[in-house]
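Colleague: Let me give you the structure first, and then I'll get to my questions.
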Amino acid sequence: MKIPLLNLKLISMFRNIEIKAKATSIDTIRAALRKLTELPHVIMQQEDTFFHTTNGRLKLRQVEGYPAELIHYDRPDQKGPKLSSYEKQVFQNVDEVEGLKKILKKSLKVRGVVRKQRELYIVDQTRVHLDNVEKLGIFIELEVCLKEHQSIVEGQNIANVLMKQLDVKDEDLVSYSYIDMLTGTN
């Protein structure tokens, strides 16, 4: 008798170059994005439940209308373009996600929950997020999705060019994740 497999995609490992900044001029950013991409943007309601870990960060991302993802990532807390390495597991079945969440809450304990409305734009190989984060305000994130052959420096250069095009200023850059800002651990 064959044991049925869960409806999962295999864990995948990825690398991004990322920046996060306070969005001080959201209308200017949106206008610049319209010039940089013809692709329509997507608006999502996201809830990220973070769990205590001994290294990196672990979150269960739940987005209205999309499969849930368990994501572990490692990223330094520094301003400007930086490498983020992450692995994720996609869950299609809502019951499986709720069971996983229950087990993680019990075994690792919840560090906190980040709720946000995200506007997602795609500019070439970069995901641009305009995030309205509950209790924190509006931020812009750039995630340059590195191709297998691309170096960190190449990704940082792409991020720096986009920062200029989107008028992201050095003084608006943020070092910490949303969960760190919410929990005061920055």
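Just remember, in the structure tokens the first chain shown is A, the second B, etc., residues are 1-based per chain, and ligands are 1-based in the order shown.
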Report as CSV: every residue of segment 108-164 of chain A with an atom at most 12 Å from segment 180-185 of chain A, its closest pair of atoms, and their distance in Å to one decimal, counting only C-alpha atoms, with rows sorted by chain and ascending residue number.

Modeller:
```
residue,atom,partner,partner_atom,distance
A:Val110,CA,A:Thr183,CA,11.5
A:Arg111,CA,A:Thr183,CA,8.0
A:Gly112,CA,A:Thr183,CA,7.1
A:Val113,CA,A:Leu182,CA,8.7
A:Val114,CA,A:Leu182,CA,7.9
A:Arg115,CA,A:Leu182,CA,10.6
A:Val133,CA,A:Leu182,CA,9.8
A:Glu134,CA,A:Leu182,CA,9.3
A:Lys135,CA,A:Leu182,CA,7.6
A:Leu136,CA,A:Leu182,CA,7.4
A:Gly137,CA,A:Leu182,CA,11.1
```

Colleague: Going by DSSP on the backbone, which bits of chain A are alpha helix (DSSP H)? Write them as a PDB file with N, CA and C atoms, in the first residue's frame, please.

Modeller:
```pdb
ATOM      1  N   ILE A  26       5.180  58.134  -1.416  1.00  0.00           N
ATOM      2  CA  ILE A  26       4.543  56.971  -2.051  1.00  0.00           C
ATOM      3  C   ILE A  26       4.035  57.284  -3.457  1.00  0.00           C
ATOM      4  N   ASP A  27       3.497  58.475  -3.678  1.00  0.00           N
ATOM      5  CA  ASP A  27       2.996  58.823  -5.009  1.00  0.00           C
ATOM      6  C   ASP A  27       4.127  58.930  -6.025  1.00  0.00           C
ATOM      7  N   THR A  28       5.267  59.470  -5.607  1.00  0.00           N
ATOM      8  CA  THR A  28       6.444  59.560  -6.478  1.00  0.00           C
ATOM      9  C   THR A  28       6.949  58.173  -6.831  1.00  0.00           C
ATOM     10  N   ILE A  29       6.959  57.270  -5.850  1.00  0.00           N
ATOM     11  CA  ILE A  29       7.421  55.891  -6.078  1.00  0.00           C
ATOM     12  C   ILE A  29       6.487  55.187  -7.061  1.00  0.00           C
ATOM     13  N   ARG A  30       5.189  55.323  -6.849  1.00  0.00           N
ATOM     14  CA  ARG A  30       4.221  54.672  -7.755  1.00  0.00           C
ATOM     15  C   ARG A  30       4.358  55.204  -9.188  1.00  0.00           C
ATOM     16  N   ALA A  31       4.539  56.500  -9.336  1.00  0.00           N
ATOM     17  CA  ALA A  31       4.699  57.094 -10.671  1.00  0.00           C
ATOM     18  C   ALA A  31       5.967  56.553 -11.339  1.00  0.00           C
ATOM     19  N   ALA A  32       7.053  56.457 -10.593  1.00  0.00           N
ATOM     20  CA  ALA A  32       8.298  55.917 -11.140  1.00  0.00           C
ATOM     21  C   ALA A  32       8.128  54.447 -11.526  1.00  0.00           C
ATOM     22  N   LEU A  33       7.411  53.685 -10.706  1.00  0.00           N
ATOM     23  CA  LEU A  33       7.184  52.265 -11.012  1.00  0.00           C
ATOM     24  C   LEU A  33       6.369  52.099 -12.295  1.00  0.00           C
ATOM     25  N   ARG A  34       5.399  52.963 -12.508  1.00  0.00           N
ATOM     26  CA  ARG A  34       4.602  52.882 -13.742  1.00  0.00           C
ATOM     27  C   ARG A  34       5.470  53.099 -14.981  1.00  0.00           C
ATOM     28  N   LYS A  35       6.538  53.886 -14.842  1.00  0.00           N
ATOM     29  CA  LYS A  35       7.463  54.107 -15.960  1.00  0.00           C
ATOM     30  C   LYS A  35       8.416  52.929 -16.148  1.00  0.00           C
ATOM     31  N   LEU A  36       8.686  52.183 -15.075  1.00  0.00           N
ATOM     32  CA  LEU A  36       9.667  51.099 -15.125  1.00  0.00           C
ATOM     33  C   LEU A  36       9.090  49.750 -15.536  1.00  0.00           C
ATOM     34  N   VAL A  94      -5.351  24.142   3.363  1.00  0.00           N
ATOM     35  CA  VAL A  94      -5.581  25.006   4.521  1.00  0.00           C
ATOM     36  C   VAL A  94      -5.522  24.218   5.831  1.00  0.00           C
ATOM     37  N   ASP A  95      -6.077  23.007   5.860  1.00  0.00           N
ATOM     38  CA  ASP A  95      -6.055  22.200   7.083  1.00  0.00           C
ATOM     39  C   ASP A  95      -4.629  21.858   7.489  1.00  0.00           C
ATOM     40  N   GLU A  96      -3.782  21.540   6.510  1.00  0.00           N
ATOM     41  CA  GLU A  96      -2.373  21.249   6.802  1.00  0.00           C
ATOM     42  C   GLU A  96      -1.686  22.467   7.393  1.00  0.00           C
ATOM     43  N   VAL A  97      -1.982  23.639   6.865  1.00  0.00           N
ATOM     44  CA  VAL A  97      -1.363  24.877   7.346  1.00  0.00           C
ATOM     45  C   VAL A  97      -1.769  25.140   8.788  1.00  0.00           C
ATOM     46  N   GLU A  98      -3.024  24.992   9.084  1.00  0.00           N
ATOM     47  CA  GLU A  98      -3.479  25.246  10.452  1.00  0.00           C
ATOM     48  C   GLU A  98      -2.872  24.238  11.430  1.00  0.00           C
ATOM     49  N   GLY A  99      -2.730  22.987  10.996  1.00  0.00           N
ATOM     50  CA  GLY A  99      -2.069  21.982  11.838  1.00  0.00           C
ATOM     51  C   GLY A  99      -0.604  22.325  12.066  1.00  0.00           C
ATOM     52  N   LEU A 100       0.079  22.738  11.010  1.00  0.00           N
ATOM     53  CA  LEU A 100       1.476  23.146  11.122  1.00  0.00           C
ATOM     54  C   LEU A 100       1.610  24.334  12.068  1.00  0.00           C
ATOM     55  N   LYS A 101       0.746  25.310  11.907  1.00  0.00           N
ATOM     56  CA  LYS A 101       0.790  26.512  12.745  1.00  0.00           C
ATOM     57  C   LYS A 101       0.603  26.148  14.222  1.00  0.00           C
ATOM     58  N   LYS A 102      -0.304  25.244  14.477  1.00  0.00           N
ATOM     59  CA  LYS A 102      -0.571  24.807  15.855  1.00  0.00           C
ATOM     60  C   LYS A 102       0.673  24.152  16.461  1.00  0.00           C
ATOM     61  N   ILE A 103       1.327  23.293  15.684  1.00  0.00           N
ATOM     62  CA  ILE A 103       2.536  22.612  16.168  1.00  0.00           C
ATOM     63  C   ILE A 103       3.668  23.605  16.389  1.00  0.00           C
ATOM     64  N   LEU A 104       3.859  24.533  15.445  1.00  0.00           N
ATOM     65  CA  LEU A 104       4.926  25.529  15.589  1.00  0.00           C
ATOM     66  C   LEU A 104       4.682  26.435  16.795  1.00  0.00           C
ATOM     67  N   LYS A 105       3.432  26.826  17.009  1.00  0.00           N
ATOM     68  CA  LYS A 105       3.103  27.660  18.174  1.00  0.00           C
ATOM     69  C   LYS A 105       3.446  26.943  19.469  1.00  0.00           C
ATOM     70  N   LYS A 106       3.155  25.642  19.498  1.00  0.00           N
ATOM     71  CA  LYS A 106       3.380  24.861  20.707  1.00  0.00           C
ATOM     72  C   LYS A 106       4.876  24.611  20.949  1.00  0.00           C
ATOM     73  N   SER A 107       5.601  24.289  19.879  1.00  0.00           N
ATOM     74  CA  SER A 107       7.004  23.892  20.054  1.00  0.00           C
ATOM     75  C   SER A 107       7.981  25.064  20.049  1.00  0.00           C
ATOM     76  N   ILE A 152      26.756  38.608  -5.859  1.00  0.00           N
ATOM     77  CA  ILE A 152      26.139  39.530  -4.905  1.00  0.00           C
ATOM     78  C   ILE A 152      26.343  40.967  -5.377  1.00  0.00           C
ATOM     79  N   VAL A 153      27.534  41.271  -5.877  1.00  0.00           N
ATOM     80  CA  VAL A 153      27.844  42.629  -6.350  1.00  0.00           C
ATOM     81  C   VAL A 153      26.921  43.033  -7.502  1.00  0.00           C
ATOM     82  N   GLU A 154      26.663  42.122  -8.429  1.00  0.00           N
ATOM     83  CA  GLU A 154      25.737  42.417  -9.534  1.00  0.00           C
ATOM     84  C   GLU A 154      24.350  42.758  -8.992  1.00  0.00           C
ATOM     85  N   GLY A 155      23.890  41.977  -8.036  1.00  0.00           N
ATOM     86  CA  GLY A 155      22.582  42.241  -7.430  1.00  0.00           C
ATOM     87  C   GLY A 155      22.553  43.568  -6.689  1.00  0.00           C
ATOM     88  N   GLN A 156      23.634  43.884  -5.980  1.00  0.00           N
ATOM     89  CA  GLN A 156      23.710  45.160  -5.267  1.00  0.00           C
ATOM     90  C   GLN A 156      23.682  46.330  -6.247  1.00  0.00           C
ATOM     91  N   ASN A 157      24.346  46.168  -7.379  1.00  0.00           N
ATOM     92  CA  ASN A 157      24.339  47.226  -8.401  1.00  0.00           C
ATOM     93  C   ASN A 157      22.929  47.457  -8.941  1.00  0.00           C
ATOM     94  N   ILE A 158      22.205  46.373  -9.200  1.00  0.00           N
ATOM     95  CA  ILE A 158      20.819  46.489  -9.671  1.00  0.00           C
ATOM     96  C   ILE A 158      19.973  47.222  -8.626  1.00  0.00           C
ATOM     97  N   ALA A 159      20.137  46.853  -7.358  1.00  0.00           N
ATOM     98  CA  ALA A 159      19.379  47.495  -6.276  1.00  0.00           C
ATOM     99  C   ALA A 159      19.717  48.984  -6.183  1.00  0.00           C
ATOM    100  N   ASN A 160      20.994  49.315  -6.294  1.00  0.00           N
ATOM    101  CA  ASN A 160      21.404  50.722  -6.209  1.00  0.00           C
ATOM    102  C   ASN A 160      20.806  51.557  -7.335  1.00  0.00           C
ATOM    103  N   VAL A 161      20.779  51.018  -8.552  1.00  0.00           N
ATOM    104  CA  VAL A 161      20.190  51.727  -9.689  1.00  0.00           C
ATOM    105  C   VAL A 161      18.691  51.946  -9.449  1.00  0.00           C
ATOM    106  N   LEU A 162      18.001  50.893  -9.002  1.00  0.00           N
ATOM    107  CA  LEU A 162      16.558  51.018  -8.737  1.00  0.00           C
ATOM    108  C   LEU A 162      16.271  52.008  -7.605  1.00  0.00           C
ATOM    109  N   MET A 163      17.119  52.011  -6.596  1.00  0.00           N
ATOM    110  CA  MET A 163      16.939  52.962  -5.495  1.00  0.00           C
ATOM    111  C   MET A 163      16.958  54.393  -6.034  1.00  0.00           C
ATOM    112  N   LYS A 164      17.877  54.683  -6.935  1.00  0.00           N
ATOM    113  CA  LYS A 164      17.956  56.028  -7.531  1.00  0.00           C
ATOM    114  C   LYS A 164      16.709  56.310  -8.371  1.00  0.00           C
ATOM    115  N   GLN A 165      16.303  55.328  -9.190  1.00  0.00           N
ATOM    116  CA  GLN A 165      15.132  55.519 -10.052  1.00  0.00           C
ATOM    117  C   GLN A 165      13.852  55.749  -9.247  1.00  0.00           C
ATOM    118  N   TYR A 178      10.442  43.899   9.843  1.00  0.00           N
ATOM    119  CA  TYR A 178       9.226  44.417  10.454  1.00  0.00           C
ATOM    120  C   TYR A 178       9.006  43.805  11.846  1.00  0.00           C
ATOM    121  N   ILE A 179       9.266  42.509  11.957  1.00  0.00           N
ATOM    122  CA  ILE A 179       9.040  41.853  13.259  1.00  0.00           C
ATOM    123  C   ILE A 179       9.959  42.436  14.327  1.00  0.00           C
ATOM    124  N   ASP A 180      11.201  42.749  13.959  1.00  0.00           N
ATOM    125  CA  ASP A 180      12.118  43.364  14.918  1.00  0.00           C
ATOM    126  C   ASP A 180      11.611  44.738  15.357  1.00  0.00           C
ATOM    127  N   MET A 181      11.112  45.506  14.386  1.00  0.00           N
ATOM    128  CA  MET A 181      10.595  46.836  14.720  1.00  0.00           C
ATOM    129  C   MET A 181       9.356  46.733  15.617  1.00  0.00           C
ATOM    130  N   LEU A 182       8.479  45.771  15.326  1.00  0.00           N
ATOM    131  CA  LEU A 182       7.262  45.616  16.124  1.00  0.00           C
ATOM    132  C   LEU A 182       7.535  45.131  17.542  1.00  0.00           C
ATOM    133  N   THR A 183       8.508  44.244  17.688  1.00  0.00           N
ATOM    134  CA  THR A 183       8.792  43.667  19.002  1.00  0.00           C
ATOM    135  C   THR A 183       9.852  44.443  19.770  1.00  0.00           C
TER     136      THR A 183
END
```

Colleague: Which is closest to Pro40 of chain A among A:Leu146, A:Ile122, A:Leu173, A:Leu108, if we use only C-alpha atoms?

Modeller: A:Ile122

Colleague: Which of segment 4-171 of chain A counts as strand (DSSP E) under DSSP, as a PyMOL selection string please?

Modeller: chain A and resi 12-22+42-51+57-63+68-74+82-91+110-123+126-133+137-145

Colleague: Quick one: residues within 9 Å of Arg15 of chain A, only C-alpha atoms, excluding same-chain residues fewer than 5 positions away - as a PyMOL selection string?

Modeller: chain A and resi 83-87+144-148

Colleague: For each of A:Gln78, A:Ile138, A:Lys109, A:Ser25, take the minimum atom-to-atom distance to His52 of chain A, counting only C-alpha atoms, then give the residue where this is smallest.

Modeller: A:Lys109

Colleague: Provide the atom CA of Asp48 of chain A to atom CA of Gln62 of chain A distance in Å, to one decimal place.

Modeller: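 Straight-line distance from atom CA of Asp48 of chain A to atom CA of Gln62 of chain A works out to 6.3 Å.
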
Colleague: Between atom CA of Glu38 of chain A and atom CA of Pro67 of chain A, what is the distance, to one decimal in Å?

Modeller: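 Going from atom CA of Glu38 of chain A over to atom CA of Pro67 of chain A, I get 25.8 Å.
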
Colleague: Measuring atom to atom with only C-alpha atoms, identify which of A:Arg61, A:Arg127, A:Arg118, A:Lys82 is nearest to Ile43 of chain A.

Modeller: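 Smallest distance to Ile43 of chain A is found for A:Arg118.
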
Colleague: Can you work out the spacing between atom CA of Gln89 of chain A and atom CA of Tyr66 of chain A in Å, to one decimal?

Modeller: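 Taking atom CA of Gln89 of chain A as the start and atom CA of Tyr66 of chain A as the end point, the length is 13.2 Å.
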